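Q: For reference, the file model.cif (mmCIF, C-alpha atoms and all ligand atoms) is included below:
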```cif
data_input
#
loop_
_atom_site.label_atom_id
_atom_site.label_comp_id
_atom_site.auth_asym_id
_atom_site.auth_seq_id
_atom_site.Cartn_x
_atom_site.Cartn_y
_atom_site.Cartn_z
CA MET L 1 188.62 121.89 156.36
CA LYS L 2 186.79 118.70 155.51
CA LEU L 3 183.06 118.49 156.15
CA GLN L 4 181.15 115.45 157.30
CA GLU L 5 178.78 113.96 154.73
CA TYR L 6 175.68 115.22 156.54
CA HIS L 7 177.01 118.78 156.44
CA ALA L 8 178.20 118.46 152.84
CA LYS L 9 174.74 117.25 151.81
CA ARG L 10 173.18 120.28 153.46
CA LEU L 11 175.30 122.51 151.20
CA LEU L 12 174.25 120.51 148.13
CA LEU L 13 170.57 120.79 149.09
CA ALA L 14 170.96 124.55 149.49
CA GLN L 15 171.95 124.67 145.81
CA GLY L 16 168.93 122.60 144.81
CA LEU L 17 170.73 119.33 144.19
CA PRO L 18 168.83 116.03 144.43
CA VAL L 19 169.87 114.49 147.75
CA PRO L 20 167.65 111.82 149.33
CA ASP L 21 166.11 112.72 152.68
CA TYR L 22 168.33 111.89 155.66
CA SER L 23 168.68 112.16 159.44
CA VAL L 24 171.68 112.16 161.74
CA ALA L 25 171.78 109.98 164.85
CA GLN L 26 174.21 109.94 167.75
CA THR L 27 172.64 107.03 169.56
CA VAL L 28 171.21 103.66 168.58
CA ALA L 29 167.77 104.79 169.76
CA GLU L 30 167.89 107.87 167.54
CA ALA L 31 168.95 105.75 164.57
CA LYS L 32 166.11 103.31 165.17
CA ALA L 33 163.58 106.13 165.48
CA ALA L 34 164.76 107.65 162.19
CA ALA L 35 164.56 104.26 160.46
CA THR L 36 161.07 103.69 161.85
CA THR L 37 159.94 107.01 160.39
CA TYR L 38 161.32 106.13 156.94
CA PHE L 39 159.75 102.66 156.98
CA ALA L 40 156.42 104.21 158.00
CA ALA L 41 156.73 106.56 155.01
CA GLY L 42 157.11 103.57 152.69
CA ALA L 43 160.84 102.86 152.45
CA ASP L 44 161.79 99.25 151.61
CA ARG L 45 165.17 99.55 153.24
CA VAL L 46 167.25 102.20 154.99
CA VAL L 47 170.95 102.85 154.64
CA ILE L 48 173.04 103.57 157.73
CA LYS L 49 176.33 105.34 157.21
CA ALA L 50 179.21 106.12 159.54
CA GLN L 51 179.98 109.84 159.65
CA VAL L 52 183.77 110.06 159.69
CA LEU L 53 186.15 112.18 157.66
CA VAL L 54 187.90 109.28 155.99
CA GLY L 55 187.21 107.72 152.62
CA GLY L 56 186.25 104.14 151.87
CA ARG L 57 183.73 103.82 154.68
CA GLY L 58 181.76 101.31 152.64
CA LYS L 59 184.71 98.93 152.35
CA ALA L 60 185.49 99.35 156.04
CA GLY L 61 181.99 98.21 157.02
CA GLY L 62 180.69 101.67 157.81
CA VAL L 63 177.85 101.69 155.24
CA LYS L 64 175.09 99.09 155.67
CA LEU L 65 171.52 98.51 154.56
CA ALA L 66 168.69 97.40 156.84
CA ALA L 67 165.25 96.04 155.93
CA THR L 68 163.48 96.53 159.26
CA ALA L 69 163.66 98.94 162.19
CA GLN L 70 165.05 96.11 164.35
CA GLU L 71 167.77 95.42 161.83
CA ALA L 72 168.50 99.16 161.61
CA GLU L 73 168.91 99.17 165.39
CA GLN L 74 171.41 96.29 165.23
CA VAL L 75 173.36 97.84 162.37
CA ALA L 76 173.51 101.22 164.11
CA ALA L 77 174.73 99.50 167.29
CA ARG L 78 177.52 97.90 165.29
CA ILE L 79 178.57 101.06 163.43
CA LEU L 80 178.37 103.58 166.31
CA GLY L 81 181.62 103.29 168.23
CA MET L 82 183.28 101.37 165.40
CA ASP L 83 186.85 102.30 164.56
CA ILE L 84 187.39 103.29 160.93
CA LYS L 85 191.03 103.93 160.03
CA GLY L 86 191.74 105.24 163.52
CA THR L 87 188.59 107.33 163.88
CA THR L 88 185.79 106.37 166.25
CA VAL L 89 182.32 106.68 164.75
CA ARG L 90 180.20 109.04 166.87
CA ARG L 91 177.36 109.69 164.43
CA VAL L 92 175.51 107.84 161.72
CA LEU L 93 173.46 109.13 158.84
CA VAL L 94 170.18 107.29 158.32
CA ALA L 95 168.32 107.56 155.00
CA PRO L 96 165.82 105.66 152.91
CA ALA L 97 168.01 103.35 150.78
CA ALA L 98 168.24 104.17 147.12
CA ASP L 99 167.51 101.43 144.56
CA ILE L 100 170.68 101.91 142.51
CA VAL L 101 170.83 101.17 138.78
CA ALA L 102 174.29 102.61 138.08
CA GLU L 103 176.94 104.63 139.91
CA TYR L 104 178.91 107.57 138.54
CA TYR L 105 181.55 109.91 139.90
CA LEU L 106 181.29 113.68 139.61
CA ALA L 107 183.38 116.37 141.26
CA CYS L 108 184.45 119.99 141.06
CA VAL L 109 188.04 120.56 142.14
CA LEU L 110 190.31 123.56 142.10
CA ASP L 111 192.95 123.00 139.44
CA ARG L 112 195.68 125.24 140.83
CA ALA L 113 198.02 124.77 137.87
CA ALA L 114 195.36 125.87 135.39
CA ARG L 115 193.92 128.42 137.84
CA LYS L 116 190.45 127.21 136.99
CA VAL L 117 187.77 125.02 138.47
CA MET L 118 187.80 121.58 136.93
CA LEU L 119 184.83 119.29 136.49
CA MET L 120 185.83 115.64 136.79
CA GLY L 121 183.56 112.75 135.96
CA SER L 122 183.68 109.01 135.55
CA ALA L 123 181.21 106.32 134.63
CA GLU L 124 183.10 104.11 137.08
CA GLY L 125 181.60 105.58 140.23
CA GLY L 126 181.12 104.07 143.64
CA VAL L 127 184.72 102.92 143.92
CA GLU L 128 187.54 105.11 145.18
CA ILE L 129 188.50 107.53 142.44
CA GLU L 130 192.20 107.22 143.30
CA VAL L 131 191.98 103.56 142.27
CA VAL L 132 190.31 104.44 138.96
CA ALA L 133 192.91 107.17 138.36
CA ALA L 134 195.75 104.72 138.93
CA GLU L 135 194.37 101.77 136.99
CA ARG L 136 192.27 103.29 134.24
CA PRO L 137 193.07 107.00 133.85
CA ASP L 138 191.09 107.10 130.58
CA ALA L 139 187.94 106.40 132.56
CA ILE L 140 188.18 109.85 134.15
CA LYS L 141 186.95 112.78 132.05
CA GLN L 142 188.02 116.32 132.83
CA LEU L 143 187.08 119.76 131.62
CA HIS L 144 187.52 123.29 132.92
CA ALA L 145 184.87 125.81 133.83
CA HIS L 146 185.29 129.25 132.32
CA PRO L 147 187.24 131.43 134.78
CA LEU L 148 184.78 134.33 134.53
CA LEU L 149 181.55 132.83 133.25
CA GLY L 150 181.69 129.69 135.36
CA LEU L 151 180.44 126.25 134.41
CA LEU L 152 178.20 126.71 131.40
CA ASP L 153 175.52 124.44 130.01
CA HIS L 154 177.70 123.31 127.14
CA HIS L 155 180.45 122.25 129.56
CA ALA L 156 177.96 120.17 131.52
CA ARG L 157 176.45 118.67 128.36
CA ARG L 158 179.87 117.67 127.11
CA MET L 159 180.52 115.88 130.40
CA ALA L 160 177.11 114.17 130.27
CA PHE L 161 177.85 112.75 126.83
CA ALA L 162 181.37 111.72 127.86
CA LEU L 163 179.86 109.70 130.72
CA GLY L 164 177.15 108.16 128.56
CA LEU L 165 174.39 110.10 130.34
CA GLY L 166 173.48 112.17 127.34
CA SER L 167 170.32 110.50 126.19
CA THR L 168 168.04 110.06 129.17
CA HIS L 169 169.44 112.20 131.97
CA LEU L 170 170.88 115.18 130.14
CA ARG L 171 168.81 117.91 131.75
CA GLU L 172 169.12 116.52 135.24
CA PHE L 173 172.85 116.13 134.77
CA VAL L 174 173.31 119.71 133.59
CA THR L 175 171.43 120.99 136.66
CA ILE L 176 173.54 118.81 138.95
CA ALA L 177 176.88 119.78 137.41
CA LYS L 178 176.01 123.47 137.63
CA GLY L 179 174.78 122.98 141.19
CA LEU L 180 178.09 121.37 142.10
CA TYR L 181 179.94 124.32 140.67
CA ALA L 182 177.66 126.73 142.55
CA THR L 183 178.26 124.81 145.80
CA MET L 184 181.98 125.19 145.25
CA ILE L 185 181.86 128.94 144.55
CA VAL L 186 179.29 129.95 147.17
CA ASN L 187 181.17 128.16 149.95
CA ASP L 188 184.75 128.78 148.80
CA ALA L 189 185.33 125.04 148.57
CA ASP L 190 188.45 123.39 147.13
CA LEU L 191 186.55 120.21 146.39
CA VAL L 192 182.93 119.15 146.01
CA GLU L 193 182.63 115.47 145.20
CA ILE L 194 179.68 113.16 144.65
CA ASN L 195 180.55 109.47 144.62
CA PRO L 196 178.26 107.87 143.78
CA LEU L 197 176.07 110.10 141.70
CA ALA L 198 173.59 107.32 141.04
CA ILE L 199 170.84 106.48 138.60
CA VAL L 200 168.10 105.42 140.98
CA ASN L 201 164.72 103.76 140.60
CA THR L 202 162.07 105.78 142.42
CA PRO L 203 158.25 105.54 142.51
CA SER L 204 158.14 108.58 140.22
CA GLY L 205 160.66 107.23 137.71
CA VAL L 206 164.34 106.73 137.11
CA GLU L 207 166.45 109.68 138.22
CA LEU L 208 169.89 110.91 139.23
CA GLN L 209 170.59 111.34 142.95
CA CYS L 210 173.60 112.40 145.01
CA LEU L 211 174.10 109.49 147.41
CA ASP L 212 177.39 110.57 148.95
CA ALA L 213 179.03 113.97 149.33
CA LYS L 214 182.46 115.19 150.21
CA VAL L 215 183.25 118.88 150.57
CA THR L 216 186.54 120.51 151.53
CA ILE L 217 186.50 124.22 152.37
CA ASP L 218 189.46 126.50 151.71
CA ASP L 219 190.75 127.24 155.23
CA SER L 220 191.77 130.74 154.24
CA ALA L 221 188.17 131.56 153.33
CA LEU L 222 186.64 130.40 156.61
CA ASP L 223 186.73 133.91 158.05
CA ARG L 224 183.89 134.84 155.77
CA HIS L 225 181.85 131.68 156.43
CA SER L 226 180.98 131.54 160.11
CA GLU L 227 178.17 129.11 159.26
CA LEU L 228 180.77 126.67 157.87
CA GLU L 229 183.22 127.21 160.74
CA ALA L 230 180.38 125.96 162.97
CA MET L 231 180.46 122.65 161.04
CA ARG L 232 184.05 121.98 162.07
CA ASP L 233 184.46 118.58 163.71
CA ILE L 234 187.17 119.16 166.31
CA ALA L 235 187.02 115.57 167.54
CA GLU L 236 188.46 114.41 164.21
CA GLU L 237 191.23 116.97 163.93
CA ASP L 238 194.84 116.66 165.03
CA PRO L 239 194.88 118.09 168.61
CA VAL L 240 197.99 120.07 167.69
CA ASP L 241 196.10 121.84 164.90
CA VAL L 242 193.17 122.59 167.21
CA GLU L 243 195.48 124.04 169.86
CA ALA L 244 197.39 126.16 167.33
CA ARG L 245 194.19 127.60 165.89
CA GLU L 246 192.81 128.43 169.34
CA GLN L 247 196.02 130.27 170.19
CA GLY L 248 196.03 132.14 166.88
CA LEU L 249 199.29 130.52 165.77
CA SER L 250 200.07 129.33 162.24
CA PHE L 251 201.65 125.96 162.85
CA ILE L 252 202.49 123.22 160.37
CA ARG L 253 204.32 120.12 161.46
CA LEU L 254 207.22 118.98 159.27
CA GLU L 255 209.62 116.05 159.25
CA GLY L 256 212.81 117.46 160.79
CA ASN L 257 214.15 117.92 164.33
CA ILE L 258 214.72 121.66 164.73
CA GLY L 259 211.69 123.37 166.21
CA CYS L 260 211.20 126.93 164.92
CA MET L 261 209.48 129.87 166.55
CA VAL L 262 209.40 132.93 164.35
CA ASN L 263 207.25 136.03 163.97
CA GLY L 264 206.03 136.64 160.46
CA ALA L 265 205.36 134.08 157.74
CA GLY L 266 208.07 135.41 155.43
CA LEU L 267 210.69 135.35 158.15
CA ALA L 268 209.57 131.85 159.13
CA MET L 269 210.05 130.65 155.55
CA THR L 270 213.47 132.29 155.37
CA THR L 271 214.47 130.72 158.67
CA MET L 272 213.47 127.29 157.39
CA ASP L 273 215.46 127.84 154.19
CA LEU L 274 218.54 128.83 156.17
CA ILE L 275 218.24 125.79 158.42
CA LYS L 276 218.14 123.57 155.34
CA ARG L 277 221.10 125.36 153.79
CA ALA L 278 223.08 124.78 156.98
CA GLY L 279 222.37 121.05 156.73
CA GLY L 280 219.51 120.88 159.24
CA GLU L 281 215.84 119.99 158.93
CA PRO L 282 213.04 122.14 160.39
CA ALA L 283 210.49 120.27 162.53
CA ASN L 284 207.76 122.80 161.89
CA PHE L 285 206.65 126.04 160.40
CA LEU L 286 205.48 128.34 163.17
CA ASP L 287 204.49 131.96 162.85
CA ILE L 288 203.57 133.41 166.23
CA GLY L 289 202.27 136.53 164.51
CA GLY L 290 202.88 140.21 165.09
CA GLY L 291 202.72 141.63 168.60
CA ALA L 292 203.10 138.19 170.13
CA LYS L 293 202.54 138.30 173.86
CA HIS L 294 203.88 136.29 176.73
CA ASP L 295 201.13 133.61 176.76
CA LYS L 296 201.35 133.10 173.00
CA VAL L 297 205.06 132.42 173.31
CA ALA L 298 204.41 129.85 176.01
CA ALA L 299 201.72 128.17 173.91
CA ALA L 300 204.03 128.09 170.90
CA MET L 301 206.77 126.50 172.99
CA ALA L 302 204.39 123.82 174.21
CA LEU L 303 203.35 123.02 170.62
CA ILE L 304 206.98 122.67 169.53
CA LEU L 305 207.88 120.42 172.44
CA ALA L 306 204.84 118.22 171.94
CA ASP L 307 206.70 116.88 168.92
CA THR L 308 209.10 114.31 170.35
CA HIS L 309 211.33 114.53 167.27
CA VAL L 310 212.43 118.04 168.25
CA LYS L 311 216.08 118.05 169.35
CA ALA L 312 216.80 121.79 169.26
CA ILE L 313 214.73 124.97 169.12
CA LEU L 314 215.50 128.06 167.12
CA VAL L 315 213.72 131.28 168.10
CA ASN L 316 214.00 134.06 165.56
CA ILE L 317 212.16 137.26 166.45
CA PHE L 318 212.25 140.51 164.59
CA GLY L 319 210.84 142.97 167.09
CA GLY L 320 208.56 145.55 165.57
CA ILE L 321 205.18 145.53 167.22
CA ALA L 322 206.32 142.42 169.08
CA ARG L 323 208.57 143.54 171.92
CA GLY L 324 211.78 141.62 172.44
CA ASP L 325 211.55 141.80 176.23
CA GLU L 326 208.01 140.43 176.21
CA VAL L 327 209.08 137.48 174.06
CA ALA L 328 212.17 136.89 176.23
CA HIS L 329 210.05 136.82 179.40
CA GLY L 330 207.69 134.39 177.71
CA LEU L 331 210.59 132.15 176.70
CA VAL L 332 212.16 132.12 180.15
CA ASP L 333 208.83 131.31 181.82
CA ALA L 334 208.04 128.63 179.27
CA ARG L 335 211.46 127.05 179.87
CA ARG L 336 210.75 126.87 183.60
CA MET L 337 207.53 124.96 183.03
CA GLN L 338 209.01 122.62 180.47
CA GLU L 339 209.17 118.94 181.24
CA ARG L 340 211.59 118.15 178.46
CA HIS L 341 214.79 120.15 178.23
CA VAL L 342 215.82 120.86 174.68
CA PRO L 343 218.69 123.18 173.74
CA MET L 344 217.44 126.51 172.51
CA VAL L 345 219.05 129.23 170.41
CA VAL L 346 217.48 132.66 170.51
CA ARG L 347 217.98 135.57 168.18
CA ILE L 348 215.95 138.65 169.01
CA VAL L 349 216.56 141.93 167.20
CA GLY L 350 214.56 145.15 166.96
CA THR L 351 212.31 146.63 169.63
CA ASN L 352 213.79 146.19 173.13
CA ALA L 353 216.45 143.73 171.92
CA ASP L 354 218.94 144.83 174.60
CA GLU L 355 216.39 144.29 177.32
CA ALA L 356 215.65 140.86 175.82
CA ALA L 357 219.35 139.91 175.86
CA ARG L 358 219.60 140.90 179.54
CA ILE L 359 216.53 138.85 180.50
CA LEU L 360 217.82 135.80 178.65
CA SER L 361 221.31 135.94 180.18
CA GLU L 362 219.93 136.52 183.69
CA ALA L 363 217.84 133.38 183.35
CA GLY L 364 221.07 131.39 183.78
CA ASP L 365 219.83 128.54 181.61
CA PRO L 366 222.87 126.52 180.40
CA ASP L 367 220.90 125.13 177.44
CA LEU L 368 219.88 128.57 176.22
CA GLN L 369 222.24 130.28 173.81
CA THR L 370 221.79 133.65 172.20
CA ALA L 371 222.99 134.58 168.75
CA ALA L 372 224.22 137.81 167.27
CA SER L 373 223.04 137.17 163.72
CA LEU L 374 220.60 134.91 161.95
CA ASP L 375 223.42 132.90 160.32
CA ASP L 376 225.02 132.45 163.74
CA ALA L 377 221.69 131.36 165.23
CA VAL L 378 221.02 128.82 162.50
CA GLU L 379 224.54 127.40 162.77
CA LYS L 380 224.21 126.98 166.54
CA ALA L 381 220.77 125.37 166.26
CA VAL L 382 221.93 122.87 163.62
CA ALA L 383 225.02 122.07 165.73
CA ALA L 384 222.85 121.52 168.83
CA ALA L 385 220.45 119.24 166.97
CA THR L 386 223.31 117.27 165.44
CA ALA L 387 224.97 116.87 168.84
CA ALA L 388 221.70 115.62 170.35
CA VAL L 389 221.29 113.06 167.57
CA VAL L 390 224.88 111.84 167.99
CA ALA L 391 224.47 111.59 171.78
CA ALA L 392 221.25 109.55 171.47
P1 LIG T 1 182.10 105.65 150.96
O1 LIG T 1 182.49 104.21 150.90
O2 LIG T 1 182.71 106.30 152.18
O3 LIG T 1 182.43 106.40 149.73
O4 LIG T 1 180.50 105.71 151.20
P2 LIG T 1 179.30 105.78 150.12
O5 LIG T 1 178.22 106.59 150.69
O6 LIG T 1 179.77 106.21 148.79
O7 LIG T 1 178.77 104.30 150.06
C1 LIG T 1 179.55 103.25 149.54
C2 LIG T 1 178.71 102.38 148.64
O8 LIG T 1 177.58 101.91 149.35
C3 LIG T 1 178.13 103.09 147.44
O9 LIG T 1 179.02 103.17 146.36
C4 LIG T 1 176.92 102.26 147.13
O10 LIG T 1 177.31 101.14 146.35
C5 LIG T 1 176.49 101.77 148.51
N1 LIG T 1 175.37 102.60 148.94
C6 LIG T 1 175.42 103.81 149.53
N2 LIG T 1 174.18 104.30 149.73
C7 LIG T 1 173.32 103.39 149.22
C8 LIG T 1 171.90 103.31 149.09
O11 LIG T 1 171.14 104.20 149.49
N3 LIG T 1 171.40 102.17 148.52
C9 LIG T 1 172.19 101.17 148.06
N4 LIG T 1 171.63 100.11 147.50
N5 LIG T 1 173.53 101.21 148.16
C10 LIG T 1 174.08 102.29 148.72
MN MN T 2 181.43 107.48 148.35
#
```
Written as structure tokens, that's how I'd like the structure from this file.
A:
Amino acid sequence: MKLQEYHAKRLLLAQGLPVPDYSVAQTVAEAKAAATTYFAAGADRVVIKAQVLVGGRGKAGGVKLAATAQEAEQVAARILGMDIKGTTVRRVLVAPAADIVAEYYLACVLDRAARKVMLMGSAEGGVEIEVVAAERPDAIKQLHAHPLLGLLDHHARRMAFALGLGSTHLREFVTIAKGLYATMIVNDADLVEINPLAIVNTPSGVELQCLDAKVTIDDSALDRHSELEAMRDIAEEDPVDVEAREQGLSFIRLEGNIGCMVNGAGLAMTTMDLIKRAGGEPANFLDIGGGAKHDKVAAAMALILADTHVKAILVNIFGGIARGDEVAHGLVDARRMQERHVPMVVRIVGTNADEAARILSEAGDPDLQTAASLDDAVEKAVAAATAAVVAA
């Protein structure tokens, strides 16, 4: 789960990192009021930043400076409601503008291959790091934190020297790097990125400040972070993902045309493998979970059909806690409500499988086939999808 900048900065502040004061505004009036407060407190300029979960806001016109409250009002009016890469801006961050001397990049990421947290830094901050990585990979410095001891002072010092920050800002940098690492660990983040980490002129001297923040939380860890779950921005998520989560379904959209409904993640993976082996392509991964009830089955069916690429549906249920008859009833009801008729192959074994078979055959649905084995089911589903493609 990606966090908006204003939430990400809150997590950095909680770890004692230097983040300039900021406010969040949903209306032009709120943005103007925040700017007025900062000007009254002595700011020369304010920065107004679109809060959207996409990168490169600056380039897209979503980050602007203003020298007066009136100008801040005009800028906020332009940015609020603006479309940035398909996302409508509904909030802006307003902050006293930093007087930037130089921009750096600093991030903690999970290096899955090394099974360690990696600290990444570059003296070429401010620009998109993907561009730096592609054009000048040498400009990106990397080192790993210790898997048990974490990011130690000597790691941070090494990075500071590699970035040319060793002489004047060493201590500040070490605190920031360790704070980044702490932010990552405390929140179970996959990524904590500051771009730019800037050298800034302030009335009290020249110092390092975190001017932008990007944090991605490990979805699997959200159960133990209700405070982070509350930061979720549903308006910017794929509606299909939102629906799946609300229904308690694990759903991942894929490229193919055979919709899958399976109980159990392992069985779902196996089903996808078998579809591929039979020459088909799964349209999704979908685990309806153990003990799936009638309404869950209907919700799962709706999710599958929402994908217009789906040409056939394969239902593979191993009844244990989930009862075959319950799933069959759910399927039959869902079929009745369907607007789009897609051939469906159902294999239900285990608890109440006979009852399930009876319910399915009594439904009298010509597009609904049952299968005796998993291989048979997969073969029929691939054939149905192929036939639909040929017919189209
Ligand atoms: P991004 O484009 O989405 O990464 O948004 P950023 O917050 O990183 O802003 C983009 C660029 O705007 C930065 O690299 C800076 O050059 C500039 N910028 C951001 N905040 C300030 C600020 O407070 N003062 C000044 N002078 N420039 C800023
Ligand atoms: Mn940035």
Q: Find the residues near Leu331 in chain L: any atom within 9 Å, counting all atoms listed in the file, skip ones fewer than 2 places away on the same chain, and give them as a VMD selection string.
A: chain L and resid 294 297 to 298 301 326 to 329 333 to 336 360
Q: Would you mind exporting the chosen residues as a short mmCIF file (atom, residue, chain, number, x, y, z; two decimals), keeping the file's coordinate frame, restricted to C-alpha atoms?
A:
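Result went into result.cif, see below:
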```
data_model
loop_
_atom_site.label_atom_id
_atom_site.label_comp_id
_atom_site.auth_asym_id
_atom_site.auth_seq_id
_atom_site.Cartn_x
_atom_site.Cartn_y
_atom_site.Cartn_z
CA HIS L 294 203.88 136.29 176.73
CA VAL L 297 205.06 132.42 173.31
CA ALA L 298 204.41 129.85 176.01
CA MET L 301 206.77 126.50 172.99
CA GLU L 326 208.01 140.43 176.21
CA VAL L 327 209.08 137.48 174.06
CA ALA L 328 212.17 136.89 176.23
CA HIS L 329 210.05 136.82 179.40
CA ASP L 333 208.83 131.31 181.82
CA ALA L 334 208.04 128.63 179.27
CA ARG L 335 211.46 127.05 179.87
CA ARG L 336 210.75 126.87 183.60
CA LEU L 360 217.82 135.80 178.65
#
```
Q: What's around Lys311 in chain L at 10 Å? Count all atoms listed in the file, leave out sequence neighbours fewer than 5 positions away in its own chain, and write the answer as a list of chain:residue names.
A: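 What passes the distance filter is L:Gly256, L:Asn257, L:Ile258, L:Gly259, L:Ala283, L:Leu305, L:His341, L:Val342, L:Pro343, L:Met344, L:Ala381, L:Val382, L:Ala384, L:Ala385, L:Thr386, L:Ala387, L:Ala388, L:Val389.
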Q: Could you state the separation of CA of Ser23 in chain L and CA of Val242 in chain L in Å, given to one decimal place?
A: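 Distance between the two atoms: 27.7 Å.
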Q: Near range 43-48 of chain L, within 6 Å and counting only C-alpha atoms, which residues show up once chain neighbours fewer than 2 positions away are dropped, as a list in words?
A: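 Counting only C-alpha atoms, the residues come to Tyr38, Phe39, Val63, Lys64, Leu65, Ala66, Ala67, Leu93, Val94, Ala95, Pro96 and Ala97 of chain L.
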Q: Could you check which of L:Asp238, L:Ile100, L:Ala50, L:Leu11 is closest to Ile217 in chain L, using all atoms listed in the file?
A: L:Leu11
Q: Let me have all residues with an atom within 7 Å of ligand LIG 1 (chain T), counting all atoms listed in the file, laid out as a list in words.
A: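 Every residue with an atom at most 7 Å from ligand LIG 1 (chain T) is listed here: Val47, Lys49, Gly55, Gly56, Arg57, Gly58, Lys59, Val63, Pro96, Ala97, Ala98, Asp99, Ile100, Glu103, Gly126, Val127, Glu128, Asn195, Pro196, Leu211 and Asp212 of chain L.
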Q: Find the distance between CA of Ala107 in chain L and CA of Thr168 in chain L and write it in Å to one decimal.
A: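 Those two atoms sit 20.5 Å apart.
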Q: Given all atoms listed in the file, how would the per-residue table for range 66-176 of chain L near range 223-237 of chain L read, listing every residue at most 10 Å away with its closest atom pair and distance in Å to one decimal, sorted by chain and number, as JSON lines?
A:
```
{"residue": "L:Gly86", "atom": "CA", "partner": "L:Glu236", "partner_atom": "CA", "distance": 9.8}
{"residue": "L:Thr87", "atom": "CA", "partner": "L:Glu236", "partner_atom": "CA", "distance": 7.1}
{"residue": "L:Thr88", "atom": "CA", "partner": "L:Glu236", "partner_atom": "CA", "distance": 8.7}
{"residue": "L:Val89", "atom": "CA", "partner": "L:Glu236", "partner_atom": "CA", "distance": 9.9}
{"residue": "L:Arg90", "atom": "CA", "partner": "L:Ala235", "partner_atom": "CA", "distance": 9.5}
```
Q: Could you work out how far CA of Val54 in chain L lies from CA of Val240 in chain L, giving the answer in Å with one decimal?
A: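 The value is 18.8 Å.
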Q: I need the residue nearest Gly266 in chain L from this list: L:Asp218, L:Glu246, L:Glu130, L:Asp287. Use all atoms listed in the file for the distance.
A: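 Ranking L:Asp218, L:Glu246, L:Glu130, L:Asp287 by distance to Gly266 in chain L, first place goes to L:Asp287.
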Q: Name the closest residue to ligand MN 2 (chain T) among the candidates L:Leu197, L:Val186, L:Ala34, L:Ala114; distances are taken between atoms, counting all atoms listed in the file.
A: L:Leu197
Q: Just want the 9 Å neighbourhood of Ser373 in chain L, counted on only C-alpha atoms, with same-chain residues fewer than 3 positions away dropped. Output as a list of chain:residue names.
A: L:Arg347, L:Ile348, L:Val349, L:Asp376, L:Ala377, L:Val378
Q: Which is closer to ligand MN 2 (chain T) than all the others in L:Glu255, L:Glu207, L:Asp138, L:Glu5, using only C-alpha atoms and all ligand atoms?
A: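 Ranking L:Glu255, L:Glu207, L:Asp138, L:Glu5 by distance to ligand MN 2 (chain T), first place goes to L:Glu5.
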